[in-house]
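Below is one structure, written out as structure tokens; comments come after it.
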Amino acid sequence: MPKLTIDGREVEVEQGTTLIEAARRLDIHIPHYCYHRGLSIAGNCRMCLVEVEGAPKMMIACHTQAADGMVVHTDNDKCREFRASILEFILVNHPLDCPVCDQAGECKLQDYYMEHGAAGSRLDEDKVKKRAKAKQIGPNIMLDTERCILCSRCVRFTDEITHTHELGITERADHSEITLADGAWLDNRYAGCVVDICPVGALTDRDFRFKCRVWYLTAVDSICTGCGRGCNIAIHVNRDRPHKAGGARVMRYKPRENPEVNQWWMCDEGRYTYKQIDHDRLTEATVEGRTATVEEALDATGAALRKAGDAVGVLVATTATNEELYLARALFAGALGGHAAYLAPPQGEADDLLILADKAPNTRGAQEILGEQAADPVAWVKEKGVKAVVVVGEAELTGLKAEVDHVAVIATHPGKATEQAHVVLPGSVHAEAEGSFTNLAGRVQRIRVAVPPIGGAVETWRLLMELGDRLGHPFDFAFEDDIFAALADQLAPFAGLSHESLGRRGAPLGSGTTQPAEVA
Amino acid sequence: MSAPKLLSANFGSEVSHRLDHYLERGGYDEARRVIAEVEPEQVIDQVKRAKLRGCGGAGFPTGMKWSFIPKGGDKPVYLAVNADEGEPGTFKDKYILTYEPHMLLEGMLICGKAVGCHKAYIYVRGEFDLPIERMEQAVAEAYERGYLGADVMGTGFPFDVVVHRGGGAYICGEETALLESLEGKPGHPRLKPPFPALVGLHGCPTVINNVETLALVPHITRLGADAFLKLGVESQGGTKLYCVSGHVNRPGIFELSPSVTLRALIDDYAGGMRDGAKLKAVIPGGLSAPVLRPDELDTEGSFEGLKQVNSMLGSAGLIVMDESVCMVEAMHTIIQFYAHESCGQCTPCREGTGWMRRIVERILAGHGRAEDTANLDSIARKITGTTICPLGDAAAWPVMGFVEKFRDEFEYFCKNGRSMVSGEKVGA
Ligand SMILES: Cc1cc2nc3c(=O)[nH]c(=O)nc-3n(C[C@H](O)[C@H](O)[C@H](O)COP(=O)(O)O)c2cc1C
Ligand code: SF4
Ligand code: SF4
Ligand code: FES
């Protein structure tokens with residue numbers, strides 16, 4: 001294992017580790033454009049040049065491997081001088097678009113220029129005219145070749161990750177340009193990722209373009225609910241200026257690195273599910289189709305459940321969090337002596353990268369916590385003799401109302417389930433509550449509050465607790481992590497885990513007892 | 001300085017490219033003998049002792065290059081012959097392809113024996129119609145008569161050769177861009193390491209050698225290392241092909257001992273300056289080599305000799321300029337070439353070459369500024385040593401050399417808006 005010195009600090013790394021990665025171990029950030037840990041090494045931007053003592057010239061940190069005894073400088077005068085000249089070269093043909101560029105504020109060219117450039121401009125030659133300024137290259141993607149710094153990340157992504165090869169570089173020298181391959185259209189299922197990895201504003205998302213300046217955004221860790229993979233994401237919310245976006249609070253999802261789950265990527269299908277958070281939401285309670293307060297609705301359902309005695313049941317969709325599932329189980333199957341089952345998750349297509357056929361985020365959690373699936377809800381209530389039922393989440397339900405005395409639905413969007421309901425309670429989506437999901441591979445991962453429940457909606461876990469109160473079984477959980485603690489206490493696979501120990505990257509079921517929980 | 005003409009004796013011949021003619025001259029005897037009788041290590045050792053230096057530009061010791069090929073690995077070893085000959089001022093390899101294609105093939109066979117290679121590609125510059133035709137004909141003849149194929153000359157040694165017409169870009173002459181191009185990809189130089197000797201064509205160990213380098217190999221085994229070395233200088237064995245172009249009386253190709261001085265090359269072999277004009281500058285080793293002034297020409301025309309004057313022998317293409325040449329204009333020609341030929345991968349080369357070209361164009365148009373000369377020099381310096389392949393350096397060195405040695409001409413043009421030599425501006 002080579003031991004080397006970087007900026008005066010020693011570090012030991014595995015054979016084959018590059019200098020940029022060795023520096024990362026020491027929390028030393030070496031500026032770079034073309035390097036991306038999820039892609040092959042291109043070494044073309046030359047931004048990461050560092051000084052290696054004894055080497056005849058500057059070395060690129062993204063490709064040079066650590067060797068025993070190496071002495072590396074990443075931020076001395078020489079490095080800063082080289083970095084400034086690389087930036088100057090990049091700017092030779094870069095347009096002064098920042099005021100109208102979506103990337104402004106999250107642009108590596110802006111960032112590094114402020115930090116390392118700032119040379120007096122002598123770049124007054126005419127710029128090379130490129131062909132494509134703001135050209136649509138796929139259903140969701142715009143390309144501006146004038147802004148492109150030719151780092152080839154997008155090309156490598158389509159070559160190495162999706163193997164779809166839509167992008168390439170044509171021409172030579174300073175006429176080089178990113179283009180679509182003949183007849184290609186950037187419509188692969190992960191195309192949005194090229195926007196994430198483009199270090200400048202050359203590739204932008206048509207959905208996000210001009211919607212919001214990035215400095216108004218707050219990023220909150222979460223999990224995509226599009227399928228059972230549970231890709232780690234950041235929810236970008238525009239907390240302060242929803243009036244600028246027609247009331248929309250959530251502006252976009254961005255994938256968040258998790259080597260165990262999604263690496264750096266996410267699929268487009270999942271990426272654009274953020275729209276559901278602010279769209280067509282249930283914002284008020286109804287009783288028998290009439291608007292009611294949440295209190296009135298809870299009272300009505302509480303009364304109906306009490307009347308049914310132990311002939312009560314709960315059907316939970318696999319969109320519910322582990323915490324919600326636990327409360328449903330504890331109340332209905334536990335305290336009330338009734339029944340609890342989960343609804344079949346919707347199915348769709350799978351692929352060999354991330355997308356799974358199970359289109360719900362917490363099917364595994366439901367399996368672990370409720371065990372039983374109600375494949376046919378009507379048959380289930382008949383079989384169990386259930387007279388009053390609470391449905392948590394959306395479901396393709398028909399004919400349920402006719403079989404029981406009372407159907408209450410805690411839901412976020414109008415649909416088949418709410419049509420069946422005597423009582424509708426407006427609950428929370430994943431972006432509106434703390435909690436956790438267990439992905440199909442059995443990894444328990446946290447979701448965080450990005451925005452408060454919309455309108456008159458209430459966190460679903462609170463609604464379940466309120467029902468408990470009304471049925472004489474109050475829970476004494478103050479926060480969602482208390483619920484998780486109770487869950488971990490009672491269900492062996494969750495034992496030893498806690499919201500805190502799940503950290504930013506989650507932990508596998510069972511890991512709480514076998515090994516120290518991973519901390520991100 | 002009379003040297004035997006190992007390579008060039010038959011340049012211009014109507015028949016030397018035919019197999020029979022080559023056989024009459026003892027052709028393929030060396031390949032047969034080496035393949036049948038000599039151990040690979042002995043061949044490599046002989047080439048090392050002969051101090052054969054690569055003629056593609058870098059002058060890398062050939063024997064050492066061959067010794068980097070791993071022995072007894074499970075992957076096939078390839079030989080890629082660099083016949084791209086794109087360096088301006090260089091026109092030697094096409095003569096070998098045209099007039100001595102079998103000599104090249106024989107050298108390749110010996111190399112194959114030395115490194116355990118059974119498959120070779122000859123990457124020929126796309127525009128070389130006749131050389132390609134001759135090379136293809138030679139390969140076909142050699143196959144037909146058993147000098148190539150599954151059982152070379154009954155020795156049991158298999159050796160296949162494919163002639164590949166290049167894509168036409170200068171950068172494809174850079175050895176790793178050449179490999180990319182051979183693999184059907186755009187000619188973009190690769191990051192090194194790994195070096196081609198370990199990871200080359202299709203991920204297999206690969207030797208890349210210039211045409212002239214390989215054509216000299218049969219002469220080494222025939223003459224022996226010592227005799228071959230004696231033809232050259234201490235640091236470099238054998239003869240060398242020099243290409244002389246520009247304002248001389250007899251431009252052409254000369255096979256000489258590398259002990260020859262550049263001055264002798266110009267005066268004695270190339271017939272001196274045309275029309276009695278006065279010599280102004282010489283680019284000694286293909287376009288990339290830093291320019292020399294008349295007082296720097298008494299240096300030996302070897303790789304080491306040119307290093308002494310901070311230039312390089314490169315591909316041994318001498319471009320001779322007389323006093324009618326405006327150095328600003330000459331530099332425009334040079335930088336235009338590189339700005340056009342940069343593959344566009346690395347930031348400094350891609351952006352810097354075009355930037356310098358635009359500055360020089362502005363100067364030529366009469367809009368030069370006081371700071372332009374210094375800026376050209378500093379831009380060039382910022383390119384050197386920062387790029388994936390040596391093209392960045394190759395573009396920067398001539399600019400630095402021109403500005404250093406003819407600074408007054410640049411400053412004059414910037415200040416007065418016209419050439420110090422012609423008195424006129426040049427661009428629009
Ligand atoms: C931009 C560039 C262009 C080159 N063009 C050629 C060429 O046309 N022919 C050639 O033999 N070598 C060329 N080279 C040198 C090759 O990279 C390589 O060093 C050479 O083929 C090795 O052969 P040798 O060891 O026999 O010289 C070029 C190098 C660079 C950087
Ligand atoms: S479009 Fe973006 S990711 Fe693609 S090469 Fe250009 S700068 Fe890099
Ligand atoms: S130095 Fe120039 S030619 Fe060589 S790889 Fe970089 S951009 Fe391409
Ligand atoms: S990050 Fe190393 S060369 Fe681009």
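Labels for the structure tokens follow display order: chains A, B, ..., residues from 1 in each chain, ligands from 1.
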
Site check for ligand 2: residues at most 6 Å away, only C-alpha atoms and all ligand atoms, as a PyMOL selection string: chain A and resi 148-154+198-200+202-203

With all heavy atoms retained, export the selected residues as a PDB file, in the first residue's frame.
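Writing done, so here's part13.pdb:
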```
ATOM      1  N   CYS A 148     -20.240  24.527 -23.969  1.00  0.00           N
ATOM      2  CA  CYS A 148     -19.625  23.227 -23.691  1.00  0.00           C
ATOM      3  C   CYS A 148     -18.117  23.371 -23.544  1.00  0.00           C
ATOM      4  O   CYS A 148     -17.462  24.050 -24.323  1.00  0.00           O
ATOM      5  CB  CYS A 148     -19.962  22.290 -24.847  1.00  0.00           C
ATOM      6  SG  CYS A 148     -19.049  20.760 -24.819  1.00  0.00           S
ATOM      7  N   ILE A 149     -17.557  22.729 -22.547  1.00  0.00           N
ATOM      8  CA  ILE A 149     -16.108  22.763 -22.376  1.00  0.00           C
ATOM      9  C   ILE A 149     -15.473  21.445 -22.819  1.00  0.00           C
ATOM     10  O   ILE A 149     -14.310  21.174 -22.550  1.00  0.00           O
ATOM     11  CB  ILE A 149     -15.720  23.091 -20.924  1.00  0.00           C
ATOM     12  CG1 ILE A 149     -16.222  22.015 -19.967  1.00  0.00           C
ATOM     13  CG2 ILE A 149     -16.277  24.456 -20.520  1.00  0.00           C
ATOM     14  CD1 ILE A 149     -15.573  22.087 -18.601  1.00  0.00           C
ATOM     15  N   LEU A 150     -16.248  20.608 -23.505  1.00  0.00           N
ATOM     16  CA  LEU A 150     -15.755  19.384 -24.132  1.00  0.00           C
ATOM     17  C   LEU A 150     -15.088  18.429 -23.151  1.00  0.00           C
ATOM     18  O   LEU A 150     -14.086  17.793 -23.468  1.00  0.00           O
ATOM     19  CB  LEU A 150     -14.831  19.735 -25.296  1.00  0.00           C
ATOM     20  CG  LEU A 150     -15.584  20.418 -26.450  1.00  0.00           C
ATOM     21  CD1 LEU A 150     -14.616  21.180 -27.348  1.00  0.00           C
ATOM     22  CD2 LEU A 150     -16.364  19.399 -27.271  1.00  0.00           C
ATOM     23  N   CYS A 151     -15.667  18.314 -21.990  1.00  0.00           N
ATOM     24  CA  CYS A 151     -15.099  17.419 -20.989  1.00  0.00           C
ATOM     25  C   CYS A 151     -15.430  15.961 -21.298  1.00  0.00           C
ATOM     26  O   CYS A 151     -14.865  15.064 -20.703  1.00  0.00           O
ATOM     27  CB  CYS A 151     -15.623  17.783 -19.613  1.00  0.00           C
ATOM     28  SG  CYS A 151     -17.372  17.386 -19.395  1.00  0.00           S
ATOM     29  N   SER A 152     -16.389  15.744 -22.192  1.00  0.00           N
ATOM     30  CA  SER A 152     -16.807  14.411 -22.660  1.00  0.00           C
ATOM     31  C   SER A 152     -17.521  13.561 -21.606  1.00  0.00           C
ATOM     32  O   SER A 152     -17.751  12.380 -21.810  1.00  0.00           O
ATOM     33  CB  SER A 152     -15.645  13.628 -23.297  1.00  0.00           C
ATOM     34  OG  SER A 152     -14.827  13.014 -22.325  1.00  0.00           O
ATOM     35  N   ARG A 153     -17.887  14.167 -20.498  1.00  0.00           N
ATOM     36  CA  ARG A 153     -18.632  13.395 -19.498  1.00  0.00           C
ATOM     37  C   ARG A 153     -19.934  12.843 -20.078  1.00  0.00           C
ATOM     38  O   ARG A 153     -20.276  11.688 -19.857  1.00  0.00           O
ATOM     39  CB  ARG A 153     -18.990  14.282 -18.308  1.00  0.00           C
ATOM     40  CG  ARG A 153     -17.896  14.459 -17.297  1.00  0.00           C
ATOM     41  CD  ARG A 153     -18.449  15.313 -16.174  1.00  0.00           C
ATOM     42  NE  ARG A 153     -17.559  15.355 -15.031  1.00  0.00           N
ATOM     43  CZ  ARG A 153     -17.896  15.884 -13.869  1.00  0.00           C
ATOM     44  NH1 ARG A 153     -19.090  16.428 -13.703  1.00  0.00           N
ATOM     45  NH2 ARG A 153     -17.047  15.891 -12.862  1.00  0.00           N
ATOM     46  N   CYS A 154     -20.645  13.685 -20.814  1.00  0.00           N
ATOM     47  CA  CYS A 154     -21.951  13.244 -21.338  1.00  0.00           C
ATOM     48  C   CYS A 154     -21.768  12.109 -22.344  1.00  0.00           C
ATOM     49  O   CYS A 154     -22.564  11.176 -22.389  1.00  0.00           O
ATOM     50  CB  CYS A 154     -22.684  14.420 -21.971  1.00  0.00           C
ATOM     51  SG  CYS A 154     -21.762  15.257 -23.269  1.00  0.00           S
ATOM     52  N   CYS A 198     -22.986  17.418 -16.393  1.00  0.00           N
ATOM     53  CA  CYS A 198     -22.374  18.492 -17.189  1.00  0.00           C
ATOM     54  C   CYS A 198     -21.917  19.586 -16.233  1.00  0.00           C
ATOM     55  O   CYS A 198     -22.716  20.138 -15.493  1.00  0.00           O
ATOM     56  CB  CYS A 198     -23.379  19.056 -18.198  1.00  0.00           C
ATOM     57  SG  CYS A 198     -22.674  20.385 -19.195  1.00  0.00           S
ATOM     58  N   PRO A 199     -20.614  19.874 -16.235  1.00  0.00           N
ATOM     59  CA  PRO A 199     -20.126  20.815 -15.226  1.00  0.00           C
ATOM     60  C   PRO A 199     -20.508  22.267 -15.512  1.00  0.00           C
ATOM     61  O   PRO A 199     -20.348  23.127 -14.666  1.00  0.00           O
ATOM     62  CB  PRO A 199     -18.604  20.641 -15.284  1.00  0.00           C
ATOM     63  CG  PRO A 199     -18.317  20.041 -16.611  1.00  0.00           C
ATOM     64  CD  PRO A 199     -19.544  19.290 -17.038  1.00  0.00           C
ATOM     65  N   VAL A 200     -20.993  22.505 -16.724  1.00  0.00           N
ATOM     66  CA  VAL A 200     -21.369  23.872 -17.091  1.00  0.00           C
ATOM     67  C   VAL A 200     -22.818  23.870 -17.581  1.00  0.00           C
ATOM     68  O   VAL A 200     -23.528  22.888 -17.419  1.00  0.00           O
ATOM     69  CB  VAL A 200     -20.413  24.424 -18.171  1.00  0.00           C
ATOM     70  CG1 VAL A 200     -19.017  24.626 -17.608  1.00  0.00           C
ATOM     71  CG2 VAL A 200     -20.371  23.502 -19.379  1.00  0.00           C
ATOM     72  N   ALA A 202     -24.030  23.662 -20.530  1.00  0.00           N
ATOM     73  CA  ALA A 202     -24.185  23.231 -21.921  1.00  0.00           C
ATOM     74  C   ALA A 202     -25.369  22.285 -22.075  1.00  0.00           C
ATOM     75  O   ALA A 202     -26.021  22.265 -23.108  1.00  0.00           O
ATOM     76  CB  ALA A 202     -22.909  22.557 -22.408  1.00  0.00           C
ATOM     77  N   LEU A 203     -25.631  21.495 -21.063  1.00  0.00           N
ATOM     78  CA  LEU A 203     -26.776  20.596 -21.116  1.00  0.00           C
ATOM     79  C   LEU A 203     -27.739  21.028 -20.013  1.00  0.00           C
ATOM     80  O   LEU A 203     -27.363  21.077 -18.843  1.00  0.00           O
ATOM     81  CB  LEU A 203     -26.320  19.145 -20.912  1.00  0.00           C
ATOM     82  CG  LEU A 203     -25.493  18.585 -22.061  1.00  0.00           C
ATOM     83  CD1 LEU A 203     -24.807  17.292 -21.652  1.00  0.00           C
ATOM     84  CD2 LEU A 203     -26.362  18.361 -23.296  1.00  0.00           C
TER      85      LEU A 203
END
```

Within-8 Å residues of ligand 1, basis only C-alpha atoms and all ligand atoms, as an NGL selection string: :B and (53-62 or 65 or 81-87 or 125 or 170-176 or 208-214 or 315 or 389-391 or 394)

Atoms kept (N, CA, C and O atoms) for selection, written as a compact mmCIF listing (two decimals), in the first residue's frame:
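Ended up saving to result_24.txt:
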```txt
# COMPACT_ATOMS: atom_id res chain seq x y z
N ARG B 53 17.75 4.32 -33.51
CA ARG B 53 16.84 5.27 -32.85
C ARG B 53 15.62 5.45 -33.74
O ARG B 53 15.72 5.56 -34.96
N GLY B 54 14.46 5.51 -33.10
CA GLY B 54 13.21 5.62 -33.85
C GLY B 54 13.17 6.85 -34.74
O GLY B 54 13.50 7.95 -34.31
N CYS B 55 12.77 6.63 -35.99
CA CYS B 55 12.82 7.72 -36.97
C CYS B 55 11.48 8.45 -37.09
O CYS B 55 11.28 9.28 -37.97
N GLY B 56 10.51 8.10 -36.22
CA GLY B 56 9.21 8.74 -36.30
C GLY B 56 9.21 10.15 -35.75
O GLY B 56 8.32 10.95 -36.05
N GLY B 57 10.19 10.46 -34.92
CA GLY B 57 10.24 11.81 -34.39
C GLY B 57 10.91 11.91 -33.03
O GLY B 57 11.65 12.84 -32.75
N ALA B 58 10.66 10.92 -32.21
CA ALA B 58 11.16 11.03 -30.84
C ALA B 58 12.56 10.46 -30.68
O ALA B 58 13.23 10.72 -29.68
N GLY B 59 13.01 9.67 -31.64
CA GLY B 59 14.35 9.10 -31.54
C GLY B 59 14.49 8.09 -30.43
O GLY B 59 15.59 7.86 -29.89
N PHE B 60 13.40 7.45 -30.07
CA PHE B 60 13.43 6.50 -28.95
C PHE B 60 14.22 5.25 -29.36
O PHE B 60 14.07 4.75 -30.47
N PRO B 61 15.09 4.76 -28.48
CA PRO B 61 15.89 3.57 -28.82
C PRO B 61 14.98 2.36 -29.12
O PRO B 61 14.22 1.92 -28.25
N THR B 62 15.10 1.84 -30.33
CA THR B 62 14.18 0.80 -30.79
C THR B 62 14.32 -0.50 -30.01
O THR B 62 13.33 -1.13 -29.65
N LYS B 65 12.56 -0.25 -26.81
CA LYS B 65 11.11 -0.30 -27.01
C LYS B 65 10.65 -1.76 -27.15
O LYS B 65 9.68 -2.18 -26.54
N VAL B 81 2.79 -0.38 -37.82
CA VAL B 81 3.82 0.38 -38.53
C VAL B 81 3.26 1.76 -38.82
O VAL B 81 2.20 1.91 -39.44
N ASN B 82 3.98 2.75 -38.35
CA ASN B 82 3.52 4.13 -38.52
C ASN B 82 3.98 4.67 -39.87
O ASN B 82 5.13 5.05 -40.05
N ALA B 83 3.06 4.65 -40.83
CA ALA B 83 3.35 5.18 -42.16
C ALA B 83 2.40 6.34 -42.44
O ALA B 83 1.94 6.54 -43.55
N ASP B 84 2.13 7.09 -41.38
CA ASP B 84 1.18 8.20 -41.53
C ASP B 84 1.87 9.44 -42.11
O ASP B 84 1.22 10.29 -42.73
N GLU B 85 3.15 9.53 -41.87
CA GLU B 85 3.98 10.62 -42.41
C GLU B 85 3.24 11.93 -42.64
O GLU B 85 3.05 12.37 -43.77
N GLY B 86 2.82 12.52 -41.53
CA GLY B 86 2.06 13.76 -41.65
C GLY B 86 2.85 15.00 -41.30
O GLY B 86 2.39 16.11 -41.53
N GLU B 87 4.01 14.85 -40.72
CA GLU B 87 4.78 16.00 -40.26
C GLU B 87 5.22 16.84 -41.46
O GLU B 87 5.95 16.37 -42.32
N ARG B 125 -0.78 6.84 -44.46
CA ARG B 125 -1.49 8.10 -44.67
C ARG B 125 -2.46 7.96 -45.85
O ARG B 125 -2.09 7.48 -46.93
N TYR B 170 -3.54 14.51 -39.25
CA TYR B 170 -2.15 14.54 -38.78
C TYR B 170 -2.03 13.82 -37.44
O TYR B 170 -1.08 13.07 -37.21
N ILE B 171 -3.01 14.02 -36.57
CA ILE B 171 -2.91 13.47 -35.23
C ILE B 171 -2.87 11.94 -35.24
O ILE B 171 -2.36 11.32 -34.32
N CYS B 172 -3.36 11.34 -36.30
CA CYS B 172 -3.33 9.87 -36.36
C CYS B 172 -1.91 9.32 -36.46
O CYS B 172 -1.71 8.12 -36.35
N GLY B 173 -0.95 10.19 -36.66
CA GLY B 173 0.45 9.76 -36.63
C GLY B 173 0.97 9.60 -35.21
O GLY B 173 1.95 8.89 -34.99
N GLU B 174 0.32 10.23 -34.25
CA GLU B 174 0.70 10.03 -32.86
C GLU B 174 0.33 8.59 -32.52
O GLU B 174 -0.75 8.11 -32.84
N GLU B 175 1.22 7.89 -31.88
CA GLU B 175 1.09 6.43 -31.85
C GLU B 175 -0.21 5.92 -31.22
O GLU B 175 -0.78 4.94 -31.69
N THR B 176 -0.69 6.57 -30.17
CA THR B 176 -1.91 6.04 -29.56
C THR B 176 -3.17 6.47 -30.31
O THR B 176 -4.16 5.75 -30.33
N ILE B 208 4.96 -0.01 -31.79
CA ILE B 208 4.68 0.95 -32.85
C ILE B 208 6.01 1.50 -33.32
O ILE B 208 6.79 2.03 -32.53
N ASN B 209 6.27 1.33 -34.59
CA ASN B 209 7.52 1.84 -35.15
C ASN B 209 7.27 2.54 -36.47
O ASN B 209 6.36 2.20 -37.21
N ASN B 210 8.14 3.46 -36.72
CA ASN B 210 8.12 4.20 -37.97
C ASN B 210 8.64 3.30 -39.11
O ASN B 210 9.38 2.34 -38.90
N VAL B 211 8.24 3.63 -40.32
CA VAL B 211 8.63 2.87 -41.51
C VAL B 211 10.15 2.80 -41.67
O VAL B 211 10.73 1.71 -41.85
N GLU B 212 10.78 3.95 -41.58
CA GLU B 212 12.24 3.99 -41.76
C GLU B 212 12.94 3.15 -40.70
O GLU B 212 13.89 2.41 -40.99
N THR B 213 12.45 3.28 -39.47
CA THR B 213 13.05 2.51 -38.38
C THR B 213 13.07 1.02 -38.74
O THR B 213 14.10 0.34 -38.62
N LEU B 214 11.92 0.51 -39.17
CA LEU B 214 11.81 -0.93 -39.44
C LEU B 214 12.58 -1.33 -40.68
O LEU B 214 13.16 -2.42 -40.74
N SER B 315 11.58 14.32 -37.28
CA SER B 315 11.45 13.44 -38.44
C SER B 315 12.47 13.77 -39.52
O SER B 315 12.35 13.30 -40.64
N CYS B 389 -0.96 14.53 -25.38
CA CYS B 389 0.04 14.06 -26.34
C CYS B 389 0.99 15.19 -26.68
O CYS B 389 0.75 16.34 -26.33
N PRO B 390 2.06 14.90 -27.37
CA PRO B 390 3.05 15.95 -27.64
C PRO B 390 2.62 16.97 -28.69
O PRO B 390 3.37 17.88 -28.98
N LEU B 391 1.42 16.85 -29.26
CA LEU B 391 1.05 17.85 -30.26
C LEU B 391 0.97 19.24 -29.64
O LEU B 391 1.31 20.23 -30.26
N ALA B 394 4.32 20.41 -29.61
CA ALA B 394 4.76 20.61 -30.99
C ALA B 394 4.23 21.91 -31.56
O ALA B 394 4.86 22.54 -32.40
```

Proximity check chain B to ligand 4, 12 Å, nearest pairs one decimal Å, only C-alpha atoms and all ligand atoms, as CSV:
```
residue,atom,partner,partner_atom_place_in_ligand_line,distance
B:Leu191,CA,ligand 4,3 (S),9.8
B:Gln345,CA,ligand 4,3 (S),10.0
B:Cys346,CA,ligand 4,3 (S),8.0
B:Thr347,CA,ligand 4,3 (S),9.0
B:Pro348,CA,ligand 4,3 (S),10.9
B:Thr386,CA,ligand 4,3 (S),9.5
B:Thr387,CA,ligand 4,3 (S),9.0
B:Ile388,CA,ligand 4,3 (S),8.8
```

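Minimum distance to ligand 3 across A:Arg46, A:His165, A:Lys211, A:Arg156 (counting only C-alpha atoms and all ligand atoms) occurs at A:Arg46.
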
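Nearest residue to ligand 3 among A:Arg80, A:Lys382, A:Lys387, A:His175 is A:His175, counting only C-alpha atoms and all ligand atoms.
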
Interface, chain B side, toward chain A (9 Å; only C-alpha atoms) as a VMD selection string: chain B and resid 186 190 to 193 338 to 355 358 to 359 362 375 379 382 to 383 385 to 388

All residues 12 Å or closer to Val194 of chain A, only C-alpha atoms, same chain fewer than 4 positions away omitted, as a ChimeraX atom specification: /A:36,39,137-138,140-143,151-159,161-162,166-167,186-190,198-205,254-255,264-268

What lies within 7 Å of segment 410-417 of chain A using only C-alpha atoms, ignoring chain neighbours under 5 positions off, as a short mmCIF file (atom, residue, chain, number, x, y, z; two decimals) with N, CA, C and O atoms, in the first residue's frame?
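New file result.cif:
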```
data_model
loop_
_atom_site.label_atom_id
_atom_site.label_comp_id
_atom_site.auth_asym_id
_atom_site.auth_seq_id
_atom_site.Cartn_x
_atom_site.Cartn_y
_atom_site.Cartn_z
N ASP A 280 -52.37 18.34 -8.04
CA ASP A 280 -53.64 17.62 -7.85
C ASP A 280 -53.73 16.96 -6.47
O ASP A 280 -54.15 15.81 -6.36
N ARG A 281 -53.31 17.68 -5.47
CA ARG A 281 -53.30 17.08 -4.13
C ARG A 281 -54.64 17.18 -3.43
O ARG A 281 -55.41 18.11 -3.65
N LEU A 282 -54.88 16.23 -2.55
CA LEU A 282 -56.01 16.35 -1.62
C LEU A 282 -55.58 17.30 -0.51
O LEU A 282 -54.57 17.06 0.16
N VAL A 391 -57.93 2.62 4.64
CA VAL A 391 -56.97 2.41 3.56
C VAL A 391 -55.94 3.53 3.63
O VAL A 391 -56.31 4.71 3.69
N VAL A 392 -54.68 3.15 3.70
CA VAL A 392 -53.62 4.17 3.74
C VAL A 392 -52.91 4.18 2.40
O VAL A 392 -52.29 3.19 2.02
N GLY A 393 -53.05 5.28 1.68
CA GLY A 393 -52.39 5.39 0.38
C GLY A 393 -53.36 5.14 -0.74
O GLY A 393 -54.54 4.84 -0.53
N GLU A 394 -52.81 5.25 -1.96
CA GLU A 394 -53.65 5.07 -3.13
C GLU A 394 -53.72 3.59 -3.52
O GLU A 394 -52.77 2.86 -3.34
N ALA A 395 -54.87 3.17 -4.03
CA ALA A 395 -54.99 1.78 -4.47
C ALA A 395 -56.09 1.68 -5.51
O ALA A 395 -57.01 2.49 -5.53
N GLU A 396 -55.96 0.68 -6.33
CA GLU A 396 -56.99 0.41 -7.34
C GLU A 396 -58.11 -0.37 -6.68
O GLU A 396 -58.20 -1.59 -6.79
N LEU A 397 -58.98 0.33 -5.98
CA LEU A 397 -60.01 -0.37 -5.21
C LEU A 397 -61.36 -0.21 -5.89
O LEU A 397 -61.76 0.89 -6.22
N VAL A 424 -62.53 10.74 3.81
CA VAL A 424 -61.21 10.93 3.20
C VAL A 424 -60.39 11.84 4.10
O VAL A 424 -60.86 12.90 4.50
N LEU A 425 -59.19 11.39 4.41
CA LEU A 425 -58.27 12.20 5.23
C LEU A 425 -57.05 12.56 4.38
O LEU A 425 -56.42 11.67 3.81
N PRO A 426 -56.73 13.84 4.26
CA PRO A 426 -55.59 14.25 3.42
C PRO A 426 -54.26 14.01 4.14
O PRO A 426 -53.96 14.65 5.12
N GLY A 427 -53.49 13.07 3.64
CA GLY A 427 -52.23 12.71 4.29
C GLY A 427 -51.02 13.35 3.63
O GLY A 427 -51.14 14.24 2.79
N SER A 428 -49.85 12.85 3.98
CA SER A 428 -48.61 13.47 3.50
C SER A 428 -47.92 12.59 2.45
O SER A 428 -48.01 11.36 2.49
N VAL A 429 -47.21 13.25 1.54
CA VAL A 429 -46.32 12.51 0.64
C VAL A 429 -44.94 12.42 1.29
O VAL A 429 -44.68 13.06 2.31
#
```

Computed interatomic separation between atom CA of Ser13 of chain B and atom CA of Ile96 of chain B (Å): 11.4 Å

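Running DSSP on the backbone gives alpha helix (DSSP H) for these residues within segment 114-193 of chain A: Met114, Glu115, His116, Arg153, Cys154, Val155, Arg156 and Cys193 of chain A.
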
Next, write the just-selected residues to a file, as a tab-separated table (two decimals), in the first residue's frame, keeping C-alpha atoms as the atom set.
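Dumped everything to out-v7.tsv:
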```tsv
chain	number	residue	atom	x	y	z
A	114	MET	CA	-13.88	32.91	-8.77
A	115	GLU	CA	-11.44	30.75	-6.86
A	116	HIS	CA	-8.57	30.27	-9.26
A	153	ARG	CA	-18.63	13.39	-19.50
A	154	CYS	CA	-21.95	13.24	-21.34
A	155	VAL	CA	-20.45	11.15	-24.12
A	156	ARG	CA	-18.90	8.74	-21.68
A	193	CYS	CA	-28.26	12.39	-15.82
```
